[in-house]
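Visitor: Right, I'll just put the structure down here and ask away after.
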Amino acid sequence: MIQVIEAGTKPFWRASLALSIASFLVFANIYFPQPLLPVFTEEFHLSPIISSLSVSLTIFTLAISLLLYGPLSDAIGRKNIMFITMLCVTILTALIAWVPGFKTLLVLRILQGFFLAGLPAIAVAYIGEEFSSKALTVAIGIYISGNTIGGLSGRLIGGFATDWIGWHGAFIIMGGISLICLIAFTWLLPRSEHFEPKQLDWKAATNNFYRHLKNRTLLYAYAIGGLLFFVFIGEYNYITYLLQGKPYNLPTSIVSMLFLTYLAGTISSTLSGRAARLIPQAWCVGIGIVLMVLGSLATLMHSLWMIGAGLLLTSFGFFFAHSAASSWVSRHATFAKASASSLYLLSYYMGGSLGSFFLGFFYKWAGWNGVILGSLLVLALTGWYAWKMHCIEHREQLREQVVARRKGQHVLHV
């Protein structure tokens, strides 16, 4: 019998590193243009909301495409789909460097979003099948830490490379880095040993999605993931306009350095996996939300140091809660795990794509103060969903205690 991957073993670190590198590739490409939004606004004579479409439309297409890759990977496997989609992402990144205008850039970014969905839709399902239950939460935490490093690095590369050789050259550099990551992923990731192919049946896939959506245990996690990312993406999009405008007038490269606050997420996503062993997952989500509220309020200070500290706290809280919510889905989905993960990520990325649009109106109305007001309203709703998740978890614990007592009584009786 083929053994599952246990925590701390060589296969564990090899597979975790491979998925983290792949995650780096995907998320670096998603957020690469984020510090360039003011550059697009100036060069193509766009409004901030239209310029932000270079990020939000990519995320929107990614979200919709997740519904395709989950069932497809359940039928034909995991690794090959991840490889092909990341190869297409790499090619498109290089092609964007040669676009004649913003419309063409948007078309390629929308197409890129379709392929960027390949890894997020499948990676957690791969982990759920190949890793032991004890290694699963740690592996997901490490994988999500790759998200944070990728998102951070993409923004830094975009900011510094644009100041150095312009945004066209920056996309060429990003394409080269993506190619290196793709080669490393292909070499490191072990093949699936526990994957059992299922016949590709879209009717059954649709039914699986429907059954997952009827499951309140999963539904609250879906809502939480979407609302958290809604706030996170919106705040990070519009902070670039705050800092490149008066009174700060910071260059793109310096603004991109504020995304170093993502490093807090690299730490917190891993800590969240470990914390879930000690405290309920709903508590982990609640802690993350509270930290996001505090971080958002700190950015209202006029000091650059306080803005940086606020972003640091927001990043820590966001990834702490996101890791817990993602693990919740993997743990509670009893069938079609890839489809369940796809629905979580659909909600997650739909939230991210809508956040910039929604908070854009708050920004137009009251600037950065408006963005924070809109964020706090959404976080309040997210906190309510976290409370509902806590109630479910409490009932599960009570049921487990009842079952344990009954087993104990049966043993005494025997």
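Identifiers for the structure tokens are assigned positionally: chains receive A, B, ... in sequence, residues are indexed from 1 per chain, and ligands are indexed from 1 in the order shown.
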Which residues, written as JSON, numbers by chain, have at least one atom at most 9 Å from range 15-17 of chain A, with only C-alpha atoms counted and residues fewer than 6 positions away on the same chain left out?
Guide: {"A": [5, 127, 139, 140, 142, 143, 146, 185, 188, 189, 190]}
Visitor: Keeping C-alpha atoms for every residue in the selection just given, could you write it to a file as a PDB file, in the first residue's frame?
Guide:
```
ATOM      1  CA  ILE A   5       3.153  12.004   2.775  1.00  0.00           C
ATOM      2  CA  ILE A 127      -2.517  18.220  -0.711  1.00  0.00           C
ATOM      3  CA  ALA A 139       1.209  21.876   4.167  1.00  0.00           C
ATOM      4  CA  ILE A 140      -1.653  24.233   3.337  1.00  0.00           C
ATOM      5  CA  ILE A 142       3.242  26.526   3.723  1.00  0.00           C
ATOM      6  CA  TYR A 143       1.474  26.619   0.347  1.00  0.00           C
ATOM      7  CA  GLY A 146       3.989  30.906  -1.158  1.00  0.00           C
ATOM      8  CA  PHE A 185       8.043  23.014 -10.020  1.00  0.00           C
ATOM      9  CA  LEU A 188      10.283  18.873  -7.601  1.00  0.00           C
ATOM     10  CA  LEU A 189       6.609  17.882  -7.403  1.00  0.00           C
ATOM     11  CA  PRO A 190       6.017  14.131  -6.881  1.00  0.00           C
TER      12      PRO A 190
END
```
Visitor: I'd like the neighbourhood of range 279-293 of chain A as a compact mmCIF listing (two decimals) with all heavy atoms, in the first residue's frame, where a residue qualifies if any of its atoms comes within 10 Å (using only C-alpha atoms), though same-chain residues fewer than 3 positions away should be ignored.
Guide:
```
# COMPACT_ATOMS: atom_id res chain seq x y z
N ALA A 221 -17.61 29.49 5.36
CA ALA A 221 -16.20 29.66 4.99
C ALA A 221 -16.06 30.33 3.64
O ALA A 221 -15.18 31.16 3.43
CB ALA A 221 -15.49 28.30 4.99
N ILE A 224 -16.72 34.04 4.14
CA ILE A 224 -15.61 34.68 4.84
C ILE A 224 -14.42 34.92 3.91
O ILE A 224 -13.85 36.01 3.87
CB ILE A 224 -15.19 33.83 6.06
CG1 ILE A 224 -16.25 33.95 7.16
CG2 ILE A 224 -13.82 34.26 6.60
CD1 ILE A 224 -16.08 32.95 8.28
N GLY A 225 -14.05 33.89 3.13
CA GLY A 225 -12.92 34.04 2.22
C GLY A 225 -13.15 35.16 1.22
O GLY A 225 -12.26 35.98 0.97
N LEU A 228 -13.09 38.72 3.05
CA LEU A 228 -11.74 39.10 3.48
C LEU A 228 -10.92 39.61 2.30
O LEU A 228 -10.24 40.64 2.38
CB LEU A 228 -11.04 37.91 4.13
CG LEU A 228 -11.52 37.48 5.51
CD1 LEU A 228 -10.82 36.19 5.92
CD2 LEU A 228 -11.28 38.56 6.55
N VAL A 231 -11.86 43.13 0.94
CA VAL A 231 -11.23 44.25 1.65
C VAL A 231 -9.74 44.34 1.33
O VAL A 231 -9.21 45.43 1.05
CB VAL A 231 -11.44 44.09 3.18
CG1 VAL A 231 -10.61 45.12 3.95
CG2 VAL A 231 -12.91 44.22 3.52
N PHE A 232 -9.07 43.20 1.35
CA PHE A 232 -7.61 43.18 1.20
C PHE A 232 -7.17 43.76 -0.15
O PHE A 232 -6.30 44.63 -0.21
CB PHE A 232 -7.12 41.75 1.36
CG PHE A 232 -5.64 41.62 1.50
CD1 PHE A 232 -4.99 42.08 2.64
CD2 PHE A 232 -4.88 41.03 0.51
CE1 PHE A 232 -3.62 41.97 2.79
CE2 PHE A 232 -3.51 40.90 0.64
CZ PHE A 232 -2.88 41.37 1.78
N SER A 268 2.13 34.44 9.22
CA SER A 268 0.85 34.17 9.86
C SER A 268 0.11 32.99 9.24
O SER A 268 -0.61 32.27 9.93
CB SER A 268 -0.04 35.42 9.81
OG SER A 268 -0.45 35.71 8.48
N LEU A 271 1.60 30.03 10.89
CA LEU A 271 1.19 30.01 12.29
C LEU A 271 -0.27 29.61 12.45
O LEU A 271 -0.65 28.94 13.42
CB LEU A 271 1.40 31.39 12.92
CG LEU A 271 2.85 31.81 13.20
CD1 LEU A 271 2.88 33.22 13.77
CD2 LEU A 271 3.51 30.83 14.17
N SER A 272 -1.09 30.00 11.47
CA SER A 272 -2.51 29.67 11.54
C SER A 272 -2.72 28.16 11.51
O SER A 272 -3.55 27.61 12.25
CB SER A 272 -3.26 30.32 10.38
OG SER A 272 -4.63 30.00 10.41
N GLY A 273 -1.95 27.47 10.65
CA GLY A 273 -2.05 26.02 10.58
C GLY A 273 -1.67 25.37 11.91
O GLY A 273 -2.30 24.40 12.33
N ARG A 274 -0.66 25.91 12.57
CA ARG A 274 -0.24 25.37 13.85
C ARG A 274 -1.23 25.73 14.96
O ARG A 274 -1.51 24.93 15.86
CB ARG A 274 1.16 25.88 14.21
CG ARG A 274 2.23 25.44 13.21
CD ARG A 274 3.61 25.95 13.59
NE ARG A 274 4.61 25.58 12.62
CZ ARG A 274 5.21 24.40 12.56
NH1 ARG A 274 4.90 23.47 13.43
NH2 ARG A 274 6.11 24.14 11.62
N ALA A 275 -1.76 26.97 14.89
CA ALA A 275 -2.71 27.41 15.92
C ALA A 275 -3.99 26.59 15.88
O ALA A 275 -4.62 26.36 16.92
CB ALA A 275 -3.03 28.89 15.72
N ALA A 276 -4.37 26.13 14.67
CA ALA A 276 -5.62 25.37 14.53
C ALA A 276 -5.54 24.03 15.26
O ALA A 276 -6.57 23.39 15.50
CB ALA A 276 -5.93 25.14 13.06
N SER A 296 -6.42 48.37 9.50
CA SER A 296 -7.09 49.34 8.64
C SER A 296 -7.19 50.70 9.33
O SER A 296 -6.94 51.75 8.72
CB SER A 296 -8.49 48.85 8.27
OG SER A 296 -8.42 47.65 7.52
N LEU A 297 -7.53 50.71 10.60
CA LEU A 297 -7.64 51.97 11.34
C LEU A 297 -6.29 52.66 11.47
O LEU A 297 -6.21 53.90 11.42
CB LEU A 297 -8.23 51.70 12.73
CG LEU A 297 -9.71 51.27 12.76
CD1 LEU A 297 -10.11 50.87 14.18
CD2 LEU A 297 -10.60 52.40 12.26
N ALA A 298 -5.22 51.89 11.61
CA ALA A 298 -3.88 52.48 11.75
C ALA A 298 -3.46 53.24 10.50
O ALA A 298 -2.71 54.21 10.60
CB ALA A 298 -2.86 51.38 12.07
N GLY A 310 0.16 49.58 9.83
CA GLY A 310 -1.21 49.17 9.60
C GLY A 310 -1.32 48.11 8.51
O GLY A 310 -2.05 47.12 8.66
N LEU A 311 -0.57 48.30 7.41
CA LEU A 311 -0.57 47.30 6.34
C LEU A 311 0.03 45.99 6.82
O LEU A 311 -0.42 44.90 6.42
CB LEU A 311 0.21 47.83 5.13
CG LEU A 311 -0.43 49.00 4.38
CD1 LEU A 311 0.51 49.49 3.28
CD2 LEU A 311 -1.77 48.60 3.77
N LEU A 312 1.04 46.08 7.68
CA LEU A 312 1.66 44.88 8.25
C LEU A 312 0.63 44.09 9.06
O LEU A 312 0.52 42.86 8.93
CB LEU A 312 2.83 45.30 9.13
CG LEU A 312 3.86 44.23 9.52
CD1 LEU A 312 4.68 43.83 8.31
CD2 LEU A 312 4.77 44.76 10.63
N LEU A 313 -0.12 44.79 9.89
CA LEU A 313 -1.12 44.15 10.73
C LEU A 313 -2.26 43.58 9.89
O LEU A 313 -2.76 42.48 10.15
CB LEU A 313 -1.67 45.17 11.74
CG LEU A 313 -2.32 44.65 13.02
CD1 LEU A 313 -1.39 43.74 13.79
CD2 LEU A 313 -2.75 45.83 13.88
N THR A 314 -2.67 44.33 8.86
CA THR A 314 -3.74 43.87 7.98
C THR A 314 -3.33 42.60 7.25
O THR A 314 -4.11 41.64 7.13
CB THR A 314 -4.10 44.96 6.96
OG1 THR A 314 -4.60 46.11 7.66
CG2 THR A 314 -5.18 44.48 5.99
N SER A 315 -2.09 42.57 6.75
CA SER A 315 -1.60 41.39 6.04
C SER A 315 -1.53 40.17 6.96
O SER A 315 -1.93 39.06 6.59
CB SER A 315 -0.21 41.65 5.45
OG SER A 315 -0.26 42.63 4.45
N PHE A 316 -1.03 40.39 8.18
CA PHE A 316 -0.93 39.29 9.14
C PHE A 316 -2.31 38.72 9.43
O PHE A 316 -2.52 37.51 9.39
CB PHE A 316 -0.28 39.80 10.44
CG PHE A 316 0.07 38.70 11.41
CD1 PHE A 316 1.36 38.20 11.48
CD2 PHE A 316 -0.90 38.18 12.27
CE1 PHE A 316 1.68 37.19 12.37
CE2 PHE A 316 -0.59 37.17 13.16
CZ PHE A 316 0.71 36.67 13.21
N GLY A 317 -3.27 39.61 9.71
CA GLY A 317 -4.61 39.16 10.04
C GLY A 317 -5.30 38.49 8.87
O GLY A 317 -5.98 37.47 9.04
N PHE A 318 -5.14 39.05 7.67
CA PHE A 318 -5.80 38.48 6.50
C PHE A 318 -5.35 37.05 6.24
O PHE A 318 -6.18 36.14 6.08
CB PHE A 318 -5.53 39.35 5.27
CG PHE A 318 -5.94 38.68 3.98
CD1 PHE A 318 -7.27 38.56 3.64
CD2 PHE A 318 -4.99 38.15 3.14
CE1 PHE A 318 -7.66 37.93 2.47
CE2 PHE A 318 -5.35 37.50 1.97
CZ PHE A 318 -6.70 37.40 1.63
N PHE A 319 -4.06 36.82 6.18
CA PHE A 319 -3.57 35.48 5.85
C PHE A 319 -3.78 34.49 7.00
O PHE A 319 -3.93 33.29 6.76
CB PHE A 319 -2.10 35.55 5.43
CG PHE A 319 -1.92 36.07 4.03
CD1 PHE A 319 -1.51 37.37 3.82
CD2 PHE A 319 -2.20 35.28 2.94
CE1 PHE A 319 -1.36 37.87 2.54
CE2 PHE A 319 -2.05 35.76 1.65
CZ PHE A 319 -1.63 37.07 1.45
N PHE A 320 -3.81 34.99 8.22
CA PHE A 320 -4.11 34.12 9.36
C PHE A 320 -5.54 33.58 9.22
O PHE A 320 -5.78 32.38 9.39
CB PHE A 320 -3.97 34.91 10.66
CG PHE A 320 -3.91 34.08 11.90
CD1 PHE A 320 -2.70 33.57 12.35
CD2 PHE A 320 -5.06 33.80 12.63
CE1 PHE A 320 -2.63 32.79 13.51
CE2 PHE A 320 -5.01 33.03 13.78
CZ PHE A 320 -3.79 32.53 14.22
N ALA A 321 -6.48 34.47 8.90
CA ALA A 321 -7.88 34.06 8.76
C ALA A 321 -8.10 33.24 7.49
O ALA A 321 -8.84 32.25 7.49
CB ALA A 321 -8.78 35.29 8.76
N HIS A 322 -7.48 33.64 6.40
CA HIS A 322 -7.65 32.95 5.12
C HIS A 322 -7.14 31.51 5.20
O HIS A 322 -7.79 30.58 4.70
CB HIS A 322 -6.91 33.73 4.02
CG HIS A 322 -6.71 32.97 2.76
ND1 HIS A 322 -7.70 32.24 2.14
CD2 HIS A 322 -5.61 32.83 1.97
CE1 HIS A 322 -7.23 31.70 1.03
NE2 HIS A 322 -5.96 32.03 0.92
N SER A 323 -6.01 31.30 5.82
CA SER A 323 -5.46 29.95 5.96
C SER A 323 -6.42 29.07 6.76
O SER A 323 -6.65 27.91 6.41
CB SER A 323 -4.09 30.01 6.65
OG SER A 323 -3.54 28.72 6.76
N ALA A 324 -7.00 29.62 7.83
CA ALA A 324 -7.93 28.85 8.65
C ALA A 324 -9.20 28.52 7.87
O ALA A 324 -9.71 27.39 7.94
CB ALA A 324 -8.28 29.63 9.91
N ALA A 325 -9.73 29.48 7.12
CA ALA A 325 -10.96 29.24 6.36
C ALA A 325 -10.73 28.22 5.25
O ALA A 325 -11.58 27.36 4.99
CB ALA A 325 -11.47 30.56 5.77
N SER A 327 -8.45 25.81 5.22
CA SER A 327 -8.29 24.50 5.85
C SER A 327 -9.64 23.94 6.31
O SER A 327 -9.88 22.73 6.28
CB SER A 327 -7.35 24.60 7.05
OG SER A 327 -6.06 24.97 6.64
N TRP A 328 -10.52 24.83 6.74
CA TRP A 328 -11.87 24.43 7.16
C TRP A 328 -12.58 23.71 6.02
O TRP A 328 -13.20 22.67 6.21
CB TRP A 328 -12.65 25.67 7.58
CG TRP A 328 -14.10 25.47 7.90
CD1 TRP A 328 -15.14 25.36 7.01
CD2 TRP A 328 -14.69 25.37 9.20
NE1 TRP A 328 -16.33 25.21 7.67
CE2 TRP A 328 -16.09 25.21 9.02
CE3 TRP A 328 -14.18 25.41 10.50
CZ2 TRP A 328 -16.97 25.09 10.08
CZ3 TRP A 328 -15.06 25.29 11.58
CH2 TRP A 328 -16.44 25.13 11.36
N ILE A 372 -11.45 53.12 3.95
CA ILE A 372 -11.43 52.46 5.26
C ILE A 372 -12.83 52.29 5.81
O ILE A 372 -13.16 51.24 6.39
CB ILE A 372 -10.54 53.24 6.25
CG1 ILE A 372 -9.10 53.26 5.77
CG2 ILE A 372 -10.62 52.61 7.64
CD1 ILE A 372 -8.49 51.89 5.54
N SER A 375 -14.32 49.39 4.07
CA SER A 375 -13.68 48.17 4.54
C SER A 375 -14.23 47.71 5.88
O SER A 375 -14.49 46.51 6.10
CB SER A 375 -12.16 48.37 4.65
OG SER A 375 -11.59 48.66 3.40
N LEU A 376 -14.42 48.64 6.80
CA LEU A 376 -14.92 48.30 8.13
C LEU A 376 -16.35 47.75 8.07
O LEU A 376 -16.71 46.84 8.82
CB LEU A 376 -14.86 49.51 9.05
CG LEU A 376 -13.46 50.02 9.40
CD1 LEU A 376 -13.53 51.27 10.28
CD2 LEU A 376 -12.64 48.94 10.09
N LEU A 379 -15.94 44.17 6.94
CA LEU A 379 -15.33 43.34 8.00
C LEU A 379 -16.32 43.04 9.12
O LEU A 379 -16.25 41.98 9.75
CB LEU A 379 -14.08 44.03 8.56
CG LEU A 379 -12.87 44.05 7.63
CD1 LEU A 379 -11.75 44.90 8.22
CD2 LEU A 379 -12.36 42.62 7.38
N ALA A 380 -17.25 43.97 9.37
CA ALA A 380 -18.28 43.72 10.39
C ALA A 380 -19.16 42.54 9.96
O ALA A 380 -19.49 41.66 10.77
CB ALA A 380 -19.14 44.97 10.59
N THR A 382 -18.22 40.15 7.92
CA THR A 382 -17.36 38.97 7.98
C THR A 382 -17.28 38.41 9.39
O THR A 382 -17.28 37.19 9.60
CB THR A 382 -15.94 39.33 7.50
OG1 THR A 382 -16.03 40.05 6.27
CG2 THR A 382 -15.11 38.09 7.27
N GLY A 383 -17.23 39.30 10.38
CA GLY A 383 -17.19 38.87 11.77
C GLY A 383 -18.44 38.10 12.16
O GLY A 383 -18.37 37.13 12.93
N TRP A 384 -19.58 38.51 11.62
CA TRP A 384 -20.83 37.80 11.92
C TRP A 384 -20.78 36.38 11.37
O TRP A 384 -21.19 35.43 12.04
CB TRP A 384 -22.01 38.56 11.32
CG TRP A 384 -23.34 37.94 11.66
CD1 TRP A 384 -24.03 38.06 12.83
CD2 TRP A 384 -24.12 37.09 10.82
NE1 TRP A 384 -25.21 37.34 12.77
CE2 TRP A 384 -25.29 36.74 11.54
CE3 TRP A 384 -23.96 36.59 9.53
CZ2 TRP A 384 -26.28 35.92 11.02
CZ3 TRP A 384 -24.96 35.78 9.00
CH2 TRP A 384 -26.09 35.45 9.74
N TYR A 385 -20.25 36.22 10.15
CA TYR A 385 -20.11 34.88 9.56
C TYR A 385 -19.14 34.02 10.38
O TYR A 385 -19.33 32.81 10.52
CB TYR A 385 -19.65 34.97 8.12
CG TYR A 385 -20.74 35.36 7.15
CD1 TYR A 385 -20.59 36.45 6.30
CD2 TYR A 385 -21.92 34.64 7.07
CE1 TYR A 385 -21.59 36.82 5.41
CE2 TYR A 385 -22.92 34.99 6.19
CZ TYR A 385 -22.75 36.08 5.36
OH TYR A 385 -23.75 36.43 4.48
N ALA A 386 -18.09 34.65 10.90
CA ALA A 386 -17.14 33.90 11.74
C ALA A 386 -17.83 33.39 13.00
O ALA A 386 -17.54 32.28 13.48
CB ALA A 386 -15.95 34.78 12.10
N TRP A 387 -18.73 34.18 13.56
CA TRP A 387 -19.48 33.75 14.73
C TRP A 387 -20.36 32.54 14.40
O TRP A 387 -20.44 31.59 15.18
CB TRP A 387 -20.34 34.89 15.27
CG TRP A 387 -21.32 34.46 16.32
CD1 TRP A 387 -22.67 34.31 16.20
CD2 TRP A 387 -21.01 34.06 17.67
NE1 TRP A 387 -23.22 33.87 17.38
CE2 TRP A 387 -22.23 33.70 18.29
CE3 TRP A 387 -19.82 34.00 18.40
CZ2 TRP A 387 -22.29 33.28 19.61
CZ3 TRP A 387 -19.89 33.57 19.72
CH2 TRP A 387 -21.11 33.23 20.31
N LYS A 388 -20.99 32.56 13.22
CA LYS A 388 -21.81 31.42 12.80
C LYS A 388 -20.95 30.17 12.64
O LYS A 388 -21.37 29.06 12.98
CB LYS A 388 -22.54 31.74 11.49
CG LYS A 388 -23.46 32.95 11.55
CD LYS A 388 -24.61 32.75 12.51
CE LYS A 388 -25.65 31.80 11.99
NZ LYS A 388 -26.82 31.71 12.87
N MET A 389 -19.73 30.34 12.13
CA MET A 389 -18.81 29.23 12.00
C MET A 389 -18.46 28.67 13.38
O MET A 389 -18.36 27.46 13.58
CB MET A 389 -17.54 29.67 11.27
CG MET A 389 -16.50 28.58 11.07
SD MET A 389 -14.97 29.20 10.32
CE MET A 389 -15.48 29.33 8.61
N HIS A 390 -18.26 29.57 14.35
CA HIS A 390 -17.96 29.15 15.72
C HIS A 390 -19.10 28.31 16.29
O HIS A 390 -18.86 27.30 16.97
CB HIS A 390 -17.72 30.38 16.60
CG HIS A 390 -17.74 30.08 18.07
ND1 HIS A 390 -16.72 29.39 18.70
CD2 HIS A 390 -18.67 30.34 19.03
CE1 HIS A 390 -17.00 29.26 19.98
NE2 HIS A 390 -18.18 29.82 20.21
N CYS A 391 -20.34 28.70 16.01
CA CYS A 391 -21.49 27.95 16.52
C CYS A 391 -21.51 26.53 15.95
O CYS A 391 -21.80 25.57 16.67
CB CYS A 391 -22.79 28.68 16.16
SG CYS A 391 -22.99 30.27 17.00
N ILE A 392 -21.19 26.40 14.68
CA ILE A 392 -21.13 25.08 14.05
C ILE A 392 -20.04 24.24 14.70
O ILE A 392 -20.24 23.05 15.02
CB ILE A 392 -20.88 25.21 12.53
CG1 ILE A 392 -22.11 25.79 11.84
CG2 ILE A 392 -20.51 23.86 11.92
CD1 ILE A 392 -21.91 26.10 10.38
N GLU A 393 -18.87 24.85 14.91
CA GLU A 393 -17.74 24.12 15.49
C GLU A 393 -18.07 23.69 16.92
O GLU A 393 -17.69 22.58 17.34
CB GLU A 393 -16.51 25.03 15.47
CG GLU A 393 -15.20 24.28 15.56
CD GLU A 393 -14.02 25.14 15.14
OE1 GLU A 393 -14.10 26.38 15.31
OE2 GLU A 393 -13.04 24.58 14.65
N HIS A 394 -18.78 24.54 17.65
CA HIS A 394 -19.16 24.19 19.03
C HIS A 394 -20.11 22.99 19.04
O HIS A 394 -19.96 22.08 19.87
CB HIS A 394 -19.83 25.40 19.69
CG HIS A 394 -20.24 25.16 21.12
ND1 HIS A 394 -19.34 24.89 22.11
CD2 HIS A 394 -21.48 25.14 21.70
CE1 HIS A 394 -19.97 24.73 23.25
NE2 HIS A 394 -21.28 24.86 23.03
N GLN A 397 -18.17 19.80 18.46
CA GLN A 397 -17.46 19.36 19.66
C GLN A 397 -18.40 18.67 20.64
O GLN A 397 -18.03 17.65 21.25
CB GLN A 397 -16.78 20.56 20.33
CG GLN A 397 -15.62 21.14 19.52
CD GLN A 397 -15.07 22.42 20.14
OE1 GLN A 397 -15.69 23.01 21.01
NE2 GLN A 397 -13.91 22.84 19.66
```
Visitor: Taking only C-alpha atoms into account, name the residue in A:Ile144, A:Leu92, A:Leu343, A:Ala125 that is nearest to Phe209 in chain A.
Guide: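 Using only C-alpha atoms, Phe209 in chain A sits closest to A:Leu343.
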Visitor: Show which residues sit within 7 Å of range 34-36 of chain A, as an mmCIF file with C-alpha atoms, in the first residue's frame. Count only C-alpha atoms, and ignore same-chain residues fewer than 2 positions away.
Guide:
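selection_8.cif was written with the following content:
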```cif
data_model
loop_
_atom_site.group_PDB
_atom_site.id
_atom_site.type_symbol
_atom_site.label_atom_id
_atom_site.label_comp_id
_atom_site.auth_asym_id
_atom_site.auth_seq_id
_atom_site.Cartn_x
_atom_site.Cartn_y
_atom_site.Cartn_z
ATOM 1 C CA TYR A 31 -0.379 41.201 -8.513
ATOM 2 C CA PHE A 32 2.582 42.252 -10.641
ATOM 3 C CA PRO A 38 -0.950 55.023 -11.234
ATOM 4 C CA VAL A 39 1.526 54.545 -14.141
ATOM 5 C CA PHE A 40 -1.274 53.137 -16.338
ATOM 6 C CA VAL A 55 -5.832 43.495 -11.665
ATOM 7 C CA ARG A 155 4.694 43.885 -6.607
ATOM 8 C CA GLY A 158 6.846 45.492 -10.868
ATOM 9 C CA GLY A 159 7.723 48.640 -8.929
ATOM 10 C CA ASN A 237 -5.099 48.902 -4.837
ATOM 11 C CA THR A 240 -0.883 53.173 -4.221
ATOM 12 C CA THR A 252 6.615 53.573 -7.819
ATOM 13 C CA SER A 256 6.103 48.858 -3.959
#
```
Visitor: Once you count only C-alpha atoms, what closest atom pair and distance in Å to one decimal does each residue of range 37-120 of chain A within 9 Å of range 329-340 of chain A have, with rows by chain and rising residue number, as a Markdown table?
Guide:
```
| residue | atom | partner | partner_atom | distance |
| --- | --- | --- | --- | --- |
| A:Leu66 | CA | A:Ser339 | CA | 8.7 |
| A:Leu67 | CA | A:Ser339 | CA | 7.4 |
| A:Tyr69 | CA | A:Ala338 | CA | 8.5 |
| A:Gly70 | CA | A:Ala338 | CA | 5.0 |
| A:Pro71 | CA | A:Ser339 | CA | 6.3 |
| A:Ser73 | CA | A:Ala338 | CA | 7.7 |
| A:Asp74 | CA | A:Ala338 | CA | 6.9 |
```
Visitor: Would you export the selected residues with all heavy atoms as a short mmCIF file (atom, residue, chain, number, x, y, z; two decimals), in the first residue's frame, please?
Guide:
```cif
data_model
loop_
_atom_site.label_atom_id
_atom_site.label_comp_id
_atom_site.auth_asym_id
_atom_site.auth_seq_id
_atom_site.Cartn_x
_atom_site.Cartn_y
_atom_site.Cartn_z
N LEU A 66 -12.15 28.75 -12.15
CA LEU A 66 -11.97 27.73 -11.11
C LEU A 66 -13.02 26.63 -11.22
O LEU A 66 -12.77 25.47 -10.88
CB LEU A 66 -12.03 28.38 -9.72
CG LEU A 66 -10.86 29.28 -9.34
CD1 LEU A 66 -11.20 30.06 -8.08
CD2 LEU A 66 -9.60 28.47 -9.14
N LEU A 67 -14.21 26.99 -11.69
CA LEU A 67 -15.28 26.01 -11.83
C LEU A 67 -14.96 24.96 -12.88
O LEU A 67 -15.49 23.85 -12.83
CB LEU A 67 -16.59 26.72 -12.19
CG LEU A 67 -17.14 27.69 -11.14
CD1 LEU A 67 -18.40 28.38 -11.66
CD2 LEU A 67 -17.43 26.97 -9.84
N TYR A 69 -11.61 23.93 -13.75
CA TYR A 69 -10.44 23.12 -13.42
C TYR A 69 -10.68 22.08 -12.34
O TYR A 69 -10.07 21.01 -12.35
CB TYR A 69 -9.27 24.02 -13.02
CG TYR A 69 -8.71 24.81 -14.18
CD1 TYR A 69 -8.84 26.19 -14.23
CD2 TYR A 69 -8.05 24.17 -15.22
CE1 TYR A 69 -8.32 26.93 -15.28
CE2 TYR A 69 -7.53 24.90 -16.28
CZ TYR A 69 -7.67 26.28 -16.31
OH TYR A 69 -7.16 26.99 -17.36
N GLY A 70 -11.58 22.37 -11.40
CA GLY A 70 -11.85 21.40 -10.35
C GLY A 70 -12.36 20.08 -10.91
O GLY A 70 -11.73 19.03 -10.71
N PRO A 71 -13.51 20.09 -11.62
CA PRO A 71 -14.00 18.83 -12.20
C PRO A 71 -13.04 18.21 -13.20
O PRO A 71 -12.91 16.99 -13.28
CB PRO A 71 -15.31 19.25 -12.88
CG PRO A 71 -15.72 20.51 -12.20
CD PRO A 71 -14.44 21.19 -11.81
N SER A 73 -9.76 18.31 -13.25
CA SER A 73 -8.66 17.64 -12.56
C SER A 73 -9.14 16.39 -11.83
O SER A 73 -8.38 15.44 -11.67
CB SER A 73 -7.98 18.59 -11.58
OG SER A 73 -8.80 18.83 -10.45
N ASP A 74 -10.41 16.38 -11.39
CA ASP A 74 -10.96 15.17 -10.78
C ASP A 74 -11.00 14.02 -11.79
O ASP A 74 -10.95 12.85 -11.41
CB ASP A 74 -12.38 15.42 -10.26
CG ASP A 74 -12.39 16.18 -8.94
OD1 ASP A 74 -11.36 16.16 -8.23
OD2 ASP A 74 -13.42 16.79 -8.61
#
```
Visitor: Which one of A:Leu213, A:Ala28, A:Ile81, A:Val89 sits closest to Ile157 in chain A if you count only C-alpha atoms?
Guide: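 Distance minimum relative to Ile157 in chain A lands on A:Ala28.
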